[in-house]
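File shown here: run.cif, holding mmCIF, C-alpha atoms and all ligand atoms.
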data_my_file
#
loop_
_atom_site.group_PDB
_atom_site.id
_atom_site.type_symbol
_atom_site.label_atom_id
_atom_site.label_comp_id
_atom_site.auth_asym_id
_atom_site.auth_seq_id
_atom_site.Cartn_x
_atom_site.Cartn_y
_atom_site.Cartn_z
ATOM 1 C CA MET A 485 -45.720 41.268 23.203
ATOM 2 C CA VAL A 486 -45.613 39.877 19.654
ATOM 3 C CA VAL A 487 -49.006 38.202 20.155
ATOM 4 C CA GLY A 488 -50.500 41.294 21.789
ATOM 5 C CA GLY A 489 -49.030 43.570 19.131
ATOM 6 C CA THR A 490 -50.383 41.360 16.320
ATOM 7 C CA LEU A 491 -53.912 41.355 17.794
ATOM 8 C CA ILE A 492 -53.902 45.140 18.206
ATOM 9 C CA TRP A 493 -52.483 45.634 14.722
ATOM 10 C CA CYS A 494 -55.257 43.407 13.236
ATOM 11 C CA ALA A 495 -57.931 45.350 15.127
ATOM 12 C CA VAL A 496 -56.555 48.722 13.992
ATOM 13 C CA VAL A 497 -56.204 47.638 10.357
ATOM 14 C CA GLY A 498 -59.670 46.043 10.481
ATOM 15 C CA LEU A 499 -61.215 49.286 11.727
ATOM 16 C CA LEU A 500 -59.272 51.271 9.136
ATOM 17 C CA LEU A 501 -60.502 49.057 6.288
ATOM 18 C CA HIS A 502 -64.014 49.138 7.702
ATOM 19 C CA ALA A 503 -63.903 52.963 7.837
ATOM 20 C CA SER A 504 -62.494 53.271 4.309
ATOM 21 C CA GLN A 505 -65.318 51.109 2.861
ATOM 22 C CA ARG A 506 -68.092 53.261 4.277
ATOM 23 C CA ARG A 507 -69.189 56.527 2.675
ATOM 24 C CA ASN A 508 -71.433 57.505 5.560
ATOM 25 C CA ALA A 509 -70.406 57.178 9.184
ATOM 26 C CA PRO A 510 -72.029 53.992 10.467
ATOM 27 C CA TRP A 511 -72.076 55.222 14.049
ATOM 28 C CA SER A 512 -73.726 58.083 15.755
ATOM 29 C CA GLU A 513 -71.470 60.832 17.101
ATOM 30 C CA ARG A 514 -72.092 59.554 20.596
ATOM 31 C CA THR A 515 -70.956 56.033 19.726
ATOM 32 C CA ALA A 516 -67.900 57.405 17.931
ATOM 33 C CA GLY A 517 -67.040 59.586 20.944
ATOM 34 C CA ARG A 518 -67.328 56.595 23.260
ATOM 35 C CA LEU A 519 -65.133 54.544 20.949
ATOM 36 C CA ILE A 520 -62.431 57.257 21.079
ATOM 37 C CA VAL A 521 -62.561 57.553 24.888
ATOM 38 C CA TRP A 522 -62.572 53.806 25.619
ATOM 39 C CA GLY A 523 -60.679 52.429 22.645
ATOM 40 C CA GLY A 524 -58.295 55.339 22.086
ATOM 41 C CA VAL A 525 -57.559 56.519 25.628
ATOM 42 C CA ALA A 526 -58.655 54.078 28.338
ATOM 43 C CA PHE A 527 -57.622 50.842 26.622
ATOM 44 C CA PRO A 528 -54.073 51.972 25.637
ATOM 45 C CA LEU A 529 -53.634 53.520 29.096
ATOM 46 C CA VAL A 530 -54.449 50.238 30.847
ATOM 47 C CA VAL A 531 -52.375 48.125 28.450
ATOM 48 C CA LEU A 532 -49.349 50.441 28.547
ATOM 49 C CA LEU A 533 -49.459 50.817 32.338
ATOM 50 C CA ALA A 534 -49.603 47.029 32.698
ATOM 51 C CA LEU A 535 -46.624 46.647 30.347
ATOM 52 C CA LEU A 536 -44.721 49.386 32.219
ATOM 53 C CA ALA A 537 -45.354 47.661 35.561
ATOM 54 C CA TYR A 538 -44.176 44.366 34.093
ATOM 55 C CA ALA A 539 -41.016 45.976 32.662
ATOM 56 C CA VAL A 540 -40.173 47.687 35.972
ATOM 57 C CA TRP A 541 -40.721 44.402 37.781
ATOM 58 C CA LEU A 542 -38.196 42.762 35.422
ATOM 59 C CA MET A 543 -35.639 45.516 35.860
ATOM 60 C CA PRO A 544 -33.731 44.595 39.059
ATOM 61 C CA SER A 545 -31.927 41.791 37.269
ATOM 62 C CA ILE A 546 -30.688 44.069 34.507
ATOM 63 C CA ARG A 547 -30.578 47.576 35.962
ATOM 64 C CA PRO A 548 -28.066 48.210 38.738
ATOM 65 C CA TRP A 549 -29.599 51.514 39.798
ATOM 66 C CA LEU A 550 -32.635 49.677 41.096
ATOM 67 C CA ALA A 551 -30.727 46.660 42.357
ATOM 68 C CA ARG A 552 -27.948 48.467 44.153
ATOM 69 C CA HIS A 553 -30.119 49.185 47.171
ATOM 70 C CA ALA A 554 -30.593 45.497 47.871
ATOM 71 C CA PRO A 555 -28.708 44.557 51.044
ATOM 72 C CA ALA A 556 -25.275 42.990 50.548
ATOM 73 C CA PRO A 557 -23.280 41.503 53.451
ATOM 74 C CA GLU A 558 -19.991 42.736 52.065
ATOM 75 C CA THR A 559 -18.858 45.966 50.370
ATOM 76 C CA ILE A 560 -15.624 45.713 48.417
ATOM 77 C CA GLU A 561 -13.828 48.925 47.517
ATOM 78 C CA VAL A 562 -12.397 49.022 43.995
ATOM 79 C CA THR A 563 -10.294 51.953 42.806
ATOM 80 C CA GLY A 564 -9.354 52.442 39.164
ATOM 81 C CA GLU A 565 -5.792 53.659 38.639
ATOM 82 C CA GLN A 566 -3.798 54.080 35.409
ATOM 83 C CA PHE A 567 -3.869 51.157 34.481
ATOM 84 C CA TRP A 568 -4.781 48.705 37.206
ATOM 85 C CA TRP A 569 -7.322 47.994 39.950
ATOM 86 C CA ARG A 570 -6.797 48.462 43.657
ATOM 87 C CA ILE A 571 -9.149 46.200 45.601
ATOM 88 C CA ARG A 572 -9.897 46.474 49.318
ATOM 89 C CA TYR A 573 -11.865 43.836 51.168
ATOM 90 C CA PRO A 574 -13.523 44.821 54.450
ATOM 91 C CA ALA A 575 -13.104 42.973 57.730
ATOM 92 C CA ARG A 576 -15.502 40.068 57.991
ATOM 93 C CA ASP A 577 -16.307 37.249 60.417
ATOM 94 C CA GLY A 578 -13.334 38.090 62.614
ATOM 95 C CA LEU A 579 -10.935 38.296 59.655
ATOM 96 C CA PRO A 580 -9.198 41.642 59.119
ATOM 97 C CA ALA A 581 -9.570 43.931 56.096
ATOM 98 C CA PHE A 582 -6.914 43.559 53.413
ATOM 99 C CA GLU A 583 -5.821 44.948 50.084
ATOM 100 C CA THR A 584 -5.206 43.108 46.847
ATOM 101 C CA ALA A 585 -5.108 44.054 43.172
ATOM 102 C CA ASN A 586 -6.337 43.106 39.720
ATOM 103 C CA GLU A 587 -8.229 40.032 40.794
ATOM 104 C CA LEU A 588 -11.600 39.923 42.458
ATOM 105 C CA ARG A 589 -12.823 36.840 44.268
ATOM 106 C CA LEU A 590 -16.518 36.575 45.028
ATOM 107 C CA LEU A 591 -18.749 34.144 46.848
ATOM 108 C CA VAL A 592 -21.275 32.320 44.673
ATOM 109 C CA GLY A 593 -24.912 33.010 45.574
ATOM 110 C CA GLU A 594 -24.167 36.007 47.768
ATOM 111 C CA ARG A 595 -25.013 39.545 46.775
ATOM 112 C CA VAL A 596 -21.944 41.776 46.888
ATOM 113 C CA ALA A 597 -21.701 45.557 46.913
ATOM 114 C CA PHE A 598 -18.906 47.603 45.378
ATOM 115 C CA SER A 599 -17.778 51.025 46.373
ATOM 116 C CA LEU A 600 -16.176 52.399 43.214
ATOM 117 C CA LYS A 601 -13.532 55.126 43.104
ATOM 118 C CA ALA A 602 -10.866 56.493 40.791
ATOM 119 C CA ALA A 603 -7.420 57.738 41.724
ATOM 120 C CA ASP A 604 -6.564 59.729 38.611
ATOM 121 C CA VAL A 605 -8.964 59.809 35.644
ATOM 122 C CA ILE A 606 -12.362 58.299 34.902
ATOM 123 C CA HIS A 607 -12.397 54.511 34.557
ATOM 124 C CA SER A 608 -15.391 52.208 34.367
ATOM 125 C CA PHE A 609 -16.126 49.018 36.226
ATOM 126 C CA TRP A 610 -17.857 46.260 34.311
ATOM 127 C CA ILE A 611 -18.083 42.508 34.814
ATOM 128 C CA PRO A 612 -20.009 41.524 31.672
ATOM 129 C CA VAL A 613 -21.197 38.111 32.936
ATOM 130 C CA LEU A 614 -22.671 39.684 36.068
ATOM 131 C CA GLY A 615 -24.263 42.636 34.297
ATOM 132 C CA GLY A 616 -24.218 46.199 35.534
ATOM 133 C CA LYS A 617 -21.592 48.775 34.697
ATOM 134 C CA MET A 618 -20.595 51.845 36.643
ATOM 135 C CA ASP A 619 -18.179 54.704 36.028
ATOM 136 C CA MET A 620 -15.384 55.306 38.529
ATOM 137 C CA ILE A 621 -14.992 59.053 38.902
ATOM 138 C CA PRO A 622 -12.208 60.889 40.764
ATOM 139 C CA GLY A 623 -13.516 62.637 43.872
ATOM 140 C CA ARG A 624 -16.681 60.624 44.273
ATOM 141 C CA THR A 625 -17.818 57.167 45.270
ATOM 142 C CA ASN A 626 -20.294 55.250 43.146
ATOM 143 C CA THR A 627 -21.997 52.153 44.424
ATOM 144 C CA LEU A 628 -23.119 49.064 42.594
ATOM 145 C CA SER A 629 -24.192 45.651 43.753
ATOM 146 C CA LEU A 630 -24.236 42.379 41.862
ATOM 147 C CA SER A 631 -25.223 38.764 42.435
ATOM 148 C CA PRO A 632 -22.846 36.079 41.160
ATOM 149 C CA THR A 633 -24.925 32.960 40.547
ATOM 150 C CA LYS A 634 -22.374 30.559 39.067
ATOM 151 C CA THR A 635 -18.772 29.706 39.816
ATOM 152 C CA GLY A 636 -16.053 30.308 37.249
ATOM 153 C CA ILE A 637 -13.340 32.660 36.067
ATOM 154 C CA PHE A 638 -14.444 35.726 34.148
ATOM 155 C CA ARG A 639 -12.788 38.742 32.594
ATOM 156 C CA ALA A 640 -13.738 42.315 33.383
ATOM 157 C CA PRO A 641 -12.399 45.112 31.171
ATOM 158 C CA CYS A 642 -12.150 48.825 31.921
ATOM 159 C CA THR A 643 -14.908 50.410 29.851
ATOM 160 C CA GLU A 644 -14.086 54.096 29.877
ATOM 161 C CA PHE A 645 -11.159 55.382 27.818
ATOM 162 C CA CYS A 646 -8.554 56.305 30.419
ATOM 163 C CA GLY A 647 -5.289 56.627 28.499
ATOM 164 C CA THR A 648 -2.910 54.758 26.232
ATOM 165 C CA SER A 649 -3.279 51.422 28.008
ATOM 166 C CA HIS A 650 -7.041 51.551 28.493
ATOM 167 C CA THR A 651 -7.527 48.349 26.476
ATOM 168 C CA LEU A 652 -4.887 46.634 28.638
ATOM 169 C CA MET A 653 -6.681 47.421 31.893
ATOM 170 C CA ALA A 654 -8.691 44.411 32.972
ATOM 171 C CA PHE A 655 -9.176 42.256 36.042
ATOM 172 C CA SER A 656 -10.125 38.651 36.614
ATOM 173 C CA VAL A 657 -13.213 37.713 38.549
ATOM 174 C CA ILE A 658 -13.220 34.337 40.247
ATOM 175 C CA VAL A 659 -16.560 33.245 41.677
ATOM 176 C CA MET A 660 -15.967 30.584 44.317
ATOM 177 C CA GLU A 661 -17.785 28.015 46.426
ATOM 178 C CA PRO A 662 -18.184 29.070 50.094
ATOM 179 C CA ALA A 663 -15.519 26.718 51.516
ATOM 180 C CA ASP A 664 -12.907 27.845 48.956
ATOM 181 C CA TYR A 665 -13.802 31.483 49.429
ATOM 182 C CA ILE A 666 -13.454 31.335 53.204
ATOM 183 C CA ALA A 667 -10.121 29.493 52.932
ATOM 184 C CA TRP A 668 -8.893 32.126 50.468
ATOM 185 C CA ARG A 669 -9.919 35.013 52.729
ATOM 186 C CA ARG A 670 -8.279 33.397 55.705
ATOM 187 C CA ALA A 671 -5.023 32.982 53.745
ATOM 188 C CA GLN A 672 -5.183 36.561 52.458
ATOM 189 C CA ALA A 673 -5.615 37.906 55.968
ATOM 190 C CA ALA A 674 -2.546 36.023 57.164
ATOM 191 C CA GLY A 675 -0.406 36.961 54.157
ATOM 192 C CA ASP A 676 2.558 35.202 52.643
ATOM 193 C CA VAL A 677 5.164 33.465 54.738
ATOM 194 C CA PRO A 678 8.699 34.887 54.489
ATOM 195 C CA GLY A 679 11.038 32.228 53.124
ATOM 196 C CA GLY A 680 14.231 34.302 53.048
ATOM 197 C CA GLY A 681 15.053 33.071 49.533
ATOM 198 C CA GLU A 682 17.201 34.923 47.026
ATOM 199 C CA GLY A 683 14.250 36.341 45.064
ATOM 200 C CA GLU A 684 12.667 37.641 48.251
ATOM 201 C CA GLN A 685 15.884 39.419 49.241
ATOM 202 C CA LEU A 686 16.360 40.884 45.757
ATOM 203 C CA PHE A 687 12.740 42.071 45.778
ATOM 204 C CA ALA A 688 13.600 44.167 48.832
ATOM 205 C CA ARG A 689 17.146 45.146 47.754
ATOM 206 C CA HIS A 690 16.198 46.426 44.300
ATOM 207 C CA GLY A 691 13.432 48.581 45.717
ATOM 208 C CA CYS A 692 10.404 46.610 44.458
ATOM 209 C CA ALA A 693 9.019 46.664 48.001
ATOM 210 C CA GLY A 694 9.001 50.459 47.912
ATOM 211 C CA CYS A 695 5.928 50.387 45.671
ATOM 212 C CA HIS A 696 4.550 46.842 45.997
ATOM 213 C CA GLY A 697 3.496 45.268 49.261
ATOM 214 C CA VAL A 698 3.597 41.540 50.005
ATOM 215 C CA ARG A 699 1.585 41.176 53.184
ATOM 216 C CA GLY A 700 3.427 39.190 55.830
ATOM 217 C CA VAL A 701 6.807 39.776 54.144
ATOM 218 C CA THR A 702 7.329 43.464 53.365
ATOM 219 C CA GLY A 703 5.887 46.560 54.965
ATOM 220 C CA PRO A 704 2.738 47.996 53.448
ATOM 221 C CA ALA A 705 3.404 49.807 50.156
ATOM 222 C CA THR A 706 0.632 51.605 48.401
ATOM 223 C CA LEU A 707 2.053 53.152 45.239
ATOM 224 C CA GLY A 708 1.711 50.074 43.025
ATOM 225 C CA PRO A 709 -0.470 46.956 43.051
ATOM 226 C CA ASP A 710 -0.270 44.780 46.148
ATOM 227 C CA LEU A 711 1.486 41.511 45.255
ATOM 228 C CA THR A 712 0.397 39.250 48.116
ATOM 229 C CA PHE A 713 -0.168 35.749 46.673
ATOM 230 C CA PHE A 714 0.765 37.099 43.264
ATOM 231 C CA GLY A 715 1.352 33.542 42.003
ATOM 232 C CA GLN A 716 -2.382 32.812 42.337
ATOM 233 C CA ARG A 717 -3.317 35.510 39.860
ATOM 234 C CA GLN A 718 -4.321 34.783 36.320
ATOM 235 C CA THR A 719 -2.387 37.619 34.718
ATOM 236 C CA VAL A 720 0.504 40.018 35.120
ATOM 237 C CA GLY A 721 -0.013 43.735 34.444
ATOM 238 C CA ALA A 722 -3.793 43.786 35.121
ATOM 239 C CA GLY A 723 -4.900 41.513 32.314
ATOM 240 C CA THR A 724 -1.952 42.280 30.017
ATOM 241 C CA LEU A 725 0.013 38.983 29.948
ATOM 242 C CA ALA A 726 -0.551 35.444 31.239
ATOM 243 C CA ASN A 727 1.043 34.979 34.666
ATOM 244 C CA THR A 728 4.182 32.985 33.840
ATOM 245 C CA LYS A 729 7.771 33.402 35.036
ATOM 246 C CA GLU A 730 8.859 34.521 31.568
ATOM 247 C CA ASN A 731 6.134 37.150 31.302
ATOM 248 C CA VAL A 732 6.807 38.511 34.794
ATOM 249 C CA ALA A 733 10.492 38.876 33.842
ATOM 250 C CA ARG A 734 9.523 40.629 30.593
ATOM 251 C CA PHE A 735 7.246 42.969 32.485
ATOM 252 C CA ILE A 736 9.877 43.858 35.108
ATOM 253 C CA ARG A 737 12.481 44.508 32.408
ATOM 254 C CA ASP A 738 10.286 47.017 30.547
ATOM 255 C CA PRO A 739 6.673 47.498 31.670
ATOM 256 C CA ALA A 740 5.978 50.213 29.094
ATOM 257 C CA ALA A 741 6.846 47.833 26.252
ATOM 258 C CA TRP A 742 3.831 45.720 27.250
ATOM 259 C CA LYS A 743 1.752 48.444 28.770
ATOM 260 C CA PRO A 744 2.369 51.906 27.300
ATOM 261 C CA GLY A 745 2.014 54.617 29.911
ATOM 262 C CA ALA A 746 2.457 52.264 32.883
ATOM 263 C CA LYS A 747 3.925 54.192 35.820
ATOM 264 C CA MET A 748 6.332 51.423 36.820
ATOM 265 C CA PRO A 749 9.817 52.272 35.520
ATOM 266 C CA ALA A 750 11.888 49.847 33.449
ATOM 267 C CA PHE A 751 14.334 47.660 35.384
ATOM 268 C CA ASP A 752 16.373 46.546 32.374
ATOM 269 C CA MET A 753 19.557 47.679 34.148
ATOM 270 C CA LEU A 754 19.248 44.757 36.580
ATOM 271 C CA PRO A 755 21.220 41.584 35.841
ATOM 272 C CA SER A 756 19.056 38.981 34.067
ATOM 273 C CA LYS A 757 19.645 36.481 36.844
ATOM 274 C CA ASP A 758 18.248 38.933 39.429
ATOM 275 C CA ILE A 759 15.141 39.541 37.324
ATOM 276 C CA ALA A 760 14.740 35.784 36.915
ATOM 277 C CA ALA A 761 15.048 35.260 40.686
ATOM 278 C CA ILE A 762 12.469 37.966 41.428
ATOM 279 C CA SER A 763 10.085 36.519 38.815
ATOM 280 C CA ASP A 764 10.524 33.041 40.320
ATOM 281 C CA TYR A 765 9.786 34.482 43.730
ATOM 282 C CA LEU A 766 6.632 36.347 42.608
ATOM 283 C CA VAL A 767 5.179 33.436 40.643
ATOM 284 C CA GLY A 768 5.881 31.227 43.651
ATOM 285 C CA LEU A 769 3.792 33.422 46.009
ATOM 286 C CA LYS A 770 0.853 31.071 46.378
HETATM 287 CU CU1 LIG A 801 -9.206 52.455 32.983
HETATM 288 CU CU2 LIG A 801 -10.017 52.549 30.763
#
Written as structure tokens, that's how I'd like the structure from this file.
Amino acid sequence: MVVGGTLIWCAVVGLLLHASQRRNAPWSERTAGRLIVWGGVAFPLVVLLALLAYAVWLMPSIRPWLARHAPAPETIEVTGEQFWWRIRYPARDGLPAFETANELRLLVGERVAFSLKAADVIHSFWIPVLGGKMDMIPGRTNTLSLSPTKTGIFRAPCTEFCGTSHTLMAFSVIVMEPADYIAWRRAQAAGDVPGGGEGEQLFARHGCAGCHGVRGVTGPATLGPDLTFFGQRQTVGAGTLANTKENVARFIRDPAAWKPGAKMPAFDMLPSKDIAAISDYLVGLK
């Protein structure tokens, strides 16, 4: 475009200088008319149409509204909630559907579709390294599809102001090799194995399981983020703190101190040793 633009600019300036030097029109009216039709209408039309076609041809890699109709073998449902992400994987290859939260695992080299929803207010789904961004709007479903081309761990922030903890609403994206991805899905479908430990019992006794499900151990709970294999996650509180025992304990004690507006109530009335046992249990869910 720079080369083309420079050539056209030189031609235009050349003609302008040529015209300004001459007192009398050098061309007949007919020649001038032809010059206007071919040089002023036909030539720009052809050049601009060619550039437009080229730009549209380039678009699928950068514009999701064109790309989203490409077929994807899997559609993952992601729902924005204040201030976390509910993620539902569909059944696939004989493995059942399951729910997880705040961490998305994708298969490298495979196009994936997302069905995007919101539970309360408008959020926005954006994985910067994969391009494409789509609002999540209550009462409707938006679709978007993306192609992860390299493995790695990436961060995806909420990109629509949704309340006090908008900047603390993020999820991790882990793009995996096929063998790892299949093993992960198989494990997710099976769920955690009950160990009967102290933390597991306290998790149930103190009511954690009323809002958070741990597949294979507790019944399904849908109010808060699913915590199956919580220990595998990068962060606690949807991108708020690194996933360590200490941070999980801090979060349980007073979620709003780390995440203003979080719906989970504070559990600072629990004995420290109970909070420590529950944190140990959660971080150990691998
Ligand atoms: Cu959710 Cu901003």
Picked residues, the PyMOL selection byres (((chain A and resi 743) around 8) and not hetatm), as a list in words: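 Expected selection for the PyMOL selection byres (((chain A and resi 743) around 8) and not hetatm) here is Ser649, Leu652, Gly721, Thr724, Pro739, Ala740, Ala741, Trp742, Pro744, Gly745 and Ala746 of chain A.
When you apply the PyMOL selection byres (((chain A and resi 577) around 12) and not hetatm) to this structure, what comes back is A:Pro557, A:Glu558, A:Pro574, A:Ala575, A:Arg576, A:Gly578, A:Leu579, A:Pro580, A:Ala581, A:Ile666, A:Arg669, A:Arg670, A:Ala673.
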What are the closest atom pairs, with distances in Å to one decimal, for each residue of chain A lying within 9 Å of ligand LIG 801 (chain A), using all atoms listed in the file, rows by chain and rising residue number, as a tab-separated table?
residue	atom	partner	partner_atom	distance
A:Gly564	CA	A:LIG801	CU1	6.2
A:Glu565	CA	A:LIG801	CU1	6.7
A:Gln566	CA	A:LIG801	CU1	6.1
A:Phe567	CA	A:LIG801	CU1	5.7
A:Trp568	CA	A:LIG801	CU1	7.2
A:Trp569	CA	A:LIG801	CU1	8.5
A:Ala602	CA	A:LIG801	CU1	8.9
A:Val605	CA	A:LIG801	CU1	7.8
A:Ile606	CA	A:LIG801	CU1	6.9
A:His607	CA	A:LIG801	CU1	4.1
A:Ser608	CA	A:LIG801	CU1	6.3
A:Phe609	CA	A:LIG801	CU1	8.4
A:Met620	CA	A:LIG801	CU1	8.8
A:Pro641	CA	A:LIG801	CU2	7.8
A:Cys642	CA	A:LIG801	CU2	4.4
A:Thr643	CA	A:LIG801	CU2	5.4
A:Glu644	CA	A:LIG801	CU2	4.4
A:Phe645	CA	A:LIG801	CU2	4.2
A:Cys646	CA	A:LIG801	CU2	4.0
A:Gly647	CA	A:LIG801	CU2	6.6
A:Thr648	CA	A:LIG801	CU2	8.7
A:Ser649	CA	A:LIG801	CU2	7.4
A:His650	CA	A:LIG801	CU2	3.9
A:Thr651	CA	A:LIG801	CU2	6.5
A:Leu652	CA	A:LIG801	CU2	8.1
A:Met653	CA	A:LIG801	CU1	5.7
A:Ala654	CA	A:LIG801	CU1	8.1
Nearest to Gly694 (chain A) by atom-to-atom distance, counting only C-alpha atoms, from A:Phe735, A:Met618, A:Ser629, A:Met748: A:Met748
Distance of CA of Ala537 (chain A) from CA of Arg518 (chain A), expressed in Å to one decimal place: 26.7 Å
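Between Lys634 (chain A) and the residues A:Ile621, A:Gly593, A:Thr584, A:Val562, the shortest atom-to-atom distance, using all atoms listed in the file, involves A:Gly593.
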Residues near Gly715 (chain A), cut-off 12 Å, all atoms listed in the file, skip fewer than 5 positions along chain, as a list in words: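 Counting only the stated atoms, we get Glu587, Asp676, Val698, Val720, Ala726, Asn727, Thr728, Lys729, Val732, Ile762, Ser763, Asp764, Tyr765, Leu766, Val767, Gly768, Leu769 and Lys770 of chain A.
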Residues selected by the PyMOL selection byres (((chain A and resi 677) around 7) and not hetatm), written as a list of chain:residue names: A:Gly675, A:Asp676, A:Pro678, A:Gly679, A:Gly700, A:Val701
